[in-house]
>>> print(open('structure_1.cif').read())   # mmCIF, C-alpha atoms and all ligand atoms
data_protein
#
loop_
_atom_site.label_atom_id
_atom_site.label_comp_id
_atom_site.auth_asym_id
_atom_site.auth_seq_id
_atom_site.Cartn_x
_atom_site.Cartn_y
_atom_site.Cartn_z
CA LEU A 1 6.73 71.17 -83.09
CA SER A 2 8.38 67.76 -83.09
CA MET A 3 11.89 67.98 -81.74
CA PRO A 4 13.93 64.98 -82.89
CA GLU A 5 17.00 66.25 -81.05
CA ASN A 6 15.11 66.31 -77.77
CA LEU A 7 16.36 63.48 -75.59
CA HIS A 8 13.72 63.98 -72.97
CA LYS A 9 10.55 62.02 -72.75
CA LEU A 10 7.02 63.24 -72.82
CA PHE A 11 4.32 61.47 -70.83
CA VAL A 12 0.60 62.11 -70.95
CA ILE A 13 -1.49 60.87 -68.05
CA SER A 14 -5.26 60.64 -68.38
CA SER A 15 -7.94 59.25 -66.17
CA PRO A 16 -11.62 59.81 -65.65
CA SER A 17 -12.45 62.66 -63.32
CA GLY A 18 -12.08 61.43 -59.76
CA GLY A 19 -9.68 58.73 -60.87
CA GLY A 20 -7.14 59.75 -58.25
CA LYS A 21 -4.78 61.14 -60.85
CA THR A 22 -3.80 64.25 -58.96
CA SER A 23 -2.62 62.53 -55.78
CA LEU A 24 -0.62 59.99 -57.78
CA ILE A 25 1.03 62.73 -59.79
CA ASN A 26 1.80 64.68 -56.64
CA LYS A 27 3.51 61.58 -55.29
CA VAL A 28 5.55 61.28 -58.48
CA PHE A 29 6.88 64.79 -57.98
CA GLU A 30 7.69 64.16 -54.33
CA ASP A 31 9.85 61.22 -55.36
CA SER A 32 13.62 61.80 -55.45
CA ARG A 33 13.75 60.17 -58.87
CA SER A 34 11.68 63.01 -60.34
CA THR A 35 14.43 65.65 -60.32
CA ASN A 36 14.61 65.65 -64.11
CA PHE A 37 10.83 65.76 -64.48
CA GLU A 38 8.53 68.73 -64.84
CA LYS A 39 4.78 68.95 -64.90
CA SER A 40 3.10 70.90 -67.62
CA ILE A 41 0.62 73.36 -66.15
CA SER A 42 -2.47 73.89 -68.28
CA ASP A 43 -4.55 76.99 -68.78
CA THR A 44 -8.20 76.66 -67.85
CA SER A 45 -11.27 78.85 -67.88
CA ARG A 46 -12.96 76.84 -65.14
CA GLN A 47 -13.59 78.31 -61.72
CA LYS A 48 -11.02 77.65 -59.04
CA ARG A 49 -12.00 74.83 -56.72
CA GLN A 50 -11.14 74.71 -53.08
CA GLY A 51 -7.42 74.10 -52.72
CA ASP A 52 -6.58 74.98 -56.32
CA LEU A 53 -3.43 77.04 -56.60
CA GLU A 54 -2.70 79.46 -59.44
CA GLY A 55 0.39 78.32 -61.33
CA LYS A 56 0.55 75.00 -59.54
CA ASP A 57 -2.69 73.30 -60.51
CA TYR A 58 -3.57 75.53 -63.43
CA TYR A 59 -3.20 79.00 -64.81
CA PHE A 60 -6.73 80.31 -64.33
CA LEU A 61 -7.98 82.55 -67.14
CA SER A 62 -11.26 84.15 -68.07
CA GLU A 63 -13.07 82.59 -71.00
CA LYS A 64 -12.42 85.77 -72.93
CA ASP A 65 -8.67 85.61 -72.40
CA PHE A 66 -8.65 81.90 -73.22
CA LYS A 67 -10.42 82.55 -76.53
CA GLU A 68 -7.98 85.33 -77.26
CA LYS A 69 -5.06 82.90 -76.84
CA ILE A 70 -6.79 80.37 -79.11
CA LYS A 71 -7.04 83.04 -81.77
CA LYS A 72 -3.38 83.85 -81.43
CA GLU A 73 -2.61 80.14 -81.82
CA GLU A 74 -0.85 79.96 -78.50
CA TYR A 75 -2.01 76.41 -77.73
CA VAL A 76 -0.47 73.09 -78.66
CA GLU A 77 -3.90 71.62 -77.97
CA TYR A 78 -7.03 72.65 -76.18
CA ALA A 79 -10.35 71.02 -75.45
CA THR A 80 -13.66 71.69 -73.78
CA VAL A 81 -14.26 69.47 -70.77
CA PHE A 82 -17.45 69.83 -68.72
CA GLY A 83 -18.15 73.13 -70.46
CA ASN A 84 -14.81 74.72 -69.64
CA PHE A 85 -11.72 75.31 -71.73
CA TYR A 86 -8.48 73.52 -70.93
CA GLY A 87 -5.31 73.91 -72.93
CA THR A 88 -1.58 73.35 -73.06
CA SER A 89 0.27 76.43 -74.22
CA LYS A 90 3.15 76.22 -76.64
CA ASN A 91 5.13 78.34 -74.25
CA GLU A 92 4.70 75.83 -71.42
CA ILE A 93 6.03 72.97 -73.55
CA LYS A 94 8.83 75.04 -75.03
CA THR A 95 10.23 76.15 -71.71
CA LYS A 96 9.91 72.84 -69.89
CA TYR A 97 10.35 70.03 -72.42
CA ASN A 98 13.79 71.14 -73.58
CA ASN A 99 15.29 70.73 -70.14
CA SER A 100 13.31 67.92 -68.55
CA ASN A 101 11.07 64.98 -69.05
CA LEU A 102 7.57 66.34 -69.14
CA VAL A 103 4.36 65.04 -67.63
CA LEU A 104 1.07 66.32 -69.03
CA GLU A 105 -2.22 65.65 -67.34
CA LEU A 106 -4.79 65.78 -70.14
CA ASP A 107 -8.10 64.31 -71.16
CA TRP A 108 -8.26 61.89 -74.11
CA GLN A 109 -8.68 64.68 -76.64
CA GLY A 110 -5.46 66.27 -75.42
CA ALA A 111 -3.67 62.92 -75.37
CA TYR A 112 -4.70 62.30 -78.97
CA ALA A 113 -3.53 65.74 -80.10
CA VAL A 114 -0.20 65.43 -78.31
CA LYS A 115 0.45 61.97 -79.76
CA LYS A 116 -0.12 63.36 -83.25
CA LEU A 117 2.42 66.11 -82.66
CA PHE A 118 4.97 64.08 -80.72
CA ASP A 119 4.80 60.48 -81.85
CA ASP A 120 7.27 59.43 -79.14
CA ALA A 121 4.89 60.59 -76.41
CA LYS A 122 3.98 57.85 -73.95
CA LEU A 123 0.28 57.81 -73.19
CA ILE A 124 -0.75 56.48 -69.79
CA PHE A 125 -4.34 55.84 -68.73
CA LEU A 126 -5.34 55.29 -65.12
CA VAL A 127 -8.21 52.82 -65.04
CA PRO A 128 -10.55 52.69 -62.06
CA PRO A 129 -11.34 49.20 -60.73
CA SER A 130 -15.08 49.90 -61.08
CA LEU A 131 -17.50 52.72 -61.81
CA ASP A 132 -18.73 52.47 -58.26
CA ASP A 133 -15.22 53.08 -56.98
CA LEU A 134 -15.06 56.19 -59.13
CA LYS A 135 -18.41 57.37 -57.83
CA GLN A 136 -17.32 56.91 -54.23
CA ARG A 137 -14.18 58.95 -54.89
CA LEU A 138 -16.20 61.75 -56.43
CA ILE A 139 -18.58 61.76 -53.48
CA LYS A 140 -15.71 61.68 -51.02
CA ARG A 141 -13.83 64.58 -52.51
CA ASN A 142 -17.02 66.55 -52.08
CA LEU A 143 -16.35 69.05 -54.85
CA ASP A 144 -19.24 68.25 -57.13
CA SER A 145 -23.01 68.41 -56.97
CA SER A 146 -24.84 65.10 -57.44
CA GLU A 147 -25.84 66.21 -60.92
CA SER A 148 -22.24 66.91 -61.76
CA ILE A 149 -21.23 63.51 -60.36
CA GLU A 150 -23.64 61.72 -62.71
CA ASN A 151 -22.33 63.84 -65.52
CA ARG A 152 -18.73 62.96 -64.65
CA LEU A 153 -19.59 59.25 -64.49
CA SER A 154 -21.06 59.20 -67.96
CA GLU A 155 -18.05 61.17 -69.22
CA ALA A 156 -15.85 58.59 -67.50
CA LYS A 157 -17.36 55.82 -69.61
CA LYS A 158 -16.67 57.81 -72.74
CA GLU A 159 -13.13 58.46 -71.60
CA ILE A 160 -12.51 54.79 -70.78
CA SER A 161 -13.80 53.82 -74.21
CA LYS A 162 -10.81 55.75 -75.63
CA SER A 163 -8.29 53.80 -73.57
CA GLU A 164 -7.31 51.69 -76.57
CA MET A 165 -5.11 54.41 -77.99
CA TYR A 166 -3.00 54.53 -74.82
CA ASP A 167 0.38 52.83 -74.49
CA PHE A 168 -0.01 51.94 -70.82
CA LEU A 169 -3.11 51.01 -68.86
CA VAL A 170 -2.50 51.34 -65.13
CA LEU A 171 -5.01 49.87 -62.73
CA ASN A 172 -5.76 52.38 -60.02
CA ASP A 173 -7.18 50.02 -57.41
CA ASP A 174 -4.60 50.64 -54.73
CA PHE A 175 -2.52 53.80 -54.40
CA ASP A 176 0.82 52.08 -53.74
CA ARG A 177 0.44 49.52 -56.48
CA ALA A 178 -0.62 52.16 -58.99
CA PHE A 179 2.33 54.29 -57.96
CA GLU A 180 4.69 51.35 -58.41
CA ASP A 181 3.31 50.78 -61.92
CA LEU A 182 3.73 54.48 -62.71
CA SER A 183 7.31 54.38 -61.41
CA GLN A 184 8.13 51.56 -63.80
CA ILE A 185 6.91 53.68 -66.68
CA LEU A 186 8.22 57.09 -65.69
CA PHE A 187 11.39 56.34 -63.76
CA LYS A 188 12.50 52.98 -65.13
CA GLY A 189 11.41 53.72 -68.69
CA ILE A 190 9.84 50.32 -69.20
CA SER A 191 8.46 49.80 -72.71
CA SER A 192 4.77 49.18 -73.25
CA LYS A 193 5.65 45.74 -74.56
CA ASP A 194 7.40 44.81 -71.31
CA PHE A 195 4.90 46.49 -69.04
CA ASN A 196 2.75 44.02 -67.20
CA SER A 197 -0.62 45.76 -67.15
CA ARG A 198 -3.04 44.66 -64.48
CA VAL A 199 -5.94 45.91 -66.60
CA SER A 200 -7.76 43.18 -68.50
CA LYS A 201 -9.81 43.60 -71.67
CA ASP A 202 -12.66 42.24 -69.62
CA LEU A 203 -12.47 45.04 -67.11
CA ILE A 204 -12.52 47.68 -69.86
CA GLU A 205 -15.56 46.03 -71.42
CA ARG A 206 -17.36 45.97 -68.11
CA LEU A 207 -16.57 49.61 -67.42
CA VAL A 208 -17.87 50.93 -70.72
CA GLU A 209 -20.96 48.80 -71.15
P1 LIG B 1 -10.36 69.14 -63.62
O1 LIG B 1 -11.28 70.29 -63.85
O2 LIG B 1 -11.01 68.05 -62.84
O3 LIG B 1 -9.05 69.59 -63.02
O4 LIG B 1 -9.98 68.54 -65.04
C1 LIG B 1 -10.96 68.09 -65.91
C2 LIG B 1 -10.33 67.35 -67.08
O5 LIG B 1 -9.59 68.23 -67.91
C3 LIG B 1 -9.36 66.25 -66.68
O6 LIG B 1 -9.69 65.09 -67.43
C4 LIG B 1 -8.03 66.80 -67.07
O7 LIG B 1 -7.11 65.77 -67.39
C5 LIG B 1 -8.37 67.61 -68.30
N1 LIG B 1 -7.37 68.61 -68.63
C6 LIG B 1 -6.65 69.38 -67.78
N2 LIG B 1 -5.83 70.18 -68.45
C7 LIG B 1 -6.00 69.91 -69.77
C8 LIG B 1 -5.40 70.42 -70.98
O8 LIG B 1 -4.54 71.28 -71.00
N3 LIG B 1 -5.87 69.89 -72.14
C9 LIG B 1 -6.81 68.92 -72.19
N4 LIG B 1 -7.18 68.46 -73.37
N5 LIG B 1 -7.39 68.43 -71.08
C10 LIG B 1 -6.98 68.92 -69.89
#
>>> encode(input="structure_1.cif", output="structure tokens", more="lines below")
Ligand code: 5GP
Amino acid sequence: LSMPENLHKLFVISSPSGGGKTSLINKVFEDSRSTNFEKSISDTSRQKRQGDLEGKDYYFLSEKDFKEKIKKEEYVEYATVFGNFYGTSKNEIKTKYNNSNLVLELDWQGAYAVKKLFDDAKLIFLVPPSLDDLKQRLIKRNLDSSESIENRLSEAKKEISKSEMYDFLVLNDDFDRAFEDLSQILFKGISSKDFNSRVSKDLIERLVE
């Protein structure tokens, strides 16, 4: 599946659930510099949440149909997150990546799988300033039960512990600053070597302990 002749770039963005990823990505696609960017839409077997749109947020499938597509090897990668299936279909990548830069919003398992297939892929991780900040966001968005919030927080730690494999760590303390950092990576094509990450090793250690 690697396409050496493809001049477009592939970006994977991950963050713990509630990390504010979706609003940042929405802002990216509202930006005039994003005309040659597309977002990969994943399949999922999870229930629609309030505000979720078919074909914009996800393609919503039954678990049975999802499993059927796994069998037919229609996924580039798929993973189970919070008991539901999520996957990127080969078809989605094929149709979009040839004509545009592509942004994939995946968990760490997906990021790992994509990096193995496309070694040029740029992996971006949005790091929350604290676990408490993450918790407040989850409470505020009001989509999860308190049990599910605790569950998401412990998953967040696990997710953050995988941040080492990412090329870019973006601190998501302030929306505008995080967006500016993302713009450097997506629109200006800054290299990971030149990127001035505001995430310290210390912060990562504190988050995962
Ligand atoms: P949510 O249900 O909150 O929209 O997403 C839950 C998690 O699944 C997020 O971490 C999101 O990045 C991840 N995710 C969404 N689509 C995919 C996908 O196609 N593959 C993988 N591996 N993870 C995904």
>>> atom_distance(input="structure_1.cif", atom1="CA of Gln109 in chain A", atom2="CA of Gln136 in chain A")
25.2 Å
>>> residues_near_ligand(input="structure_1.cif", ligand="ligand LIG 1 (chain B)", cutoff="6 Å", atoms="all atoms listed in the file", output="PyMOL selection string")
chain A and resi 14+16-17+42+78-79+81+86-88+105-107+109-110
>>> residues_around(input="structure_1.cif", residues="range 72-75 of chain A", least_positions_apart="4", cutoff="9 Å", atoms="all atoms listed in the file", output="ChimeraX atom specification")
/A:67-68,87-91
>>> write_last_selection(input="structure_1.cif", atoms="C-alpha atoms", output="compact mmCIF listing (two decimals), keeping the file's coordinate frame")
# COMPACT_ATOMS: atom_id res chain seq x y z
CA LYS A 67 -10.42 82.55 -76.53
CA GLU A 68 -7.98 85.33 -77.26
CA GLY A 87 -5.31 73.91 -72.93
CA THR A 88 -1.58 73.35 -73.06
CA SER A 89 0.27 76.43 -74.22
CA LYS A 90 3.15 76.22 -76.64
CA ASN A 91 5.13 78.34 -74.25
>>> closest_residue(input="structure_1.cif", among="A:Ser192, A:Glu209, A:Pro128, A:Ser183", to="Leu171 in chain A", atoms="all atoms listed in the file")
A:Pro128
>>> closest_residue(input="structure_1.cif", among="A:Phe187, A:Ile160, A:Asp202, A:Asn151", to="Phe82 in chain A", atoms="only C-alpha atoms")
A:Asn151
>>> atom_distance(input="structure_1.cif", atom1="CA of Leu138 in chain A", atom2="CA of Gly18 in chain A")
5.3 Å
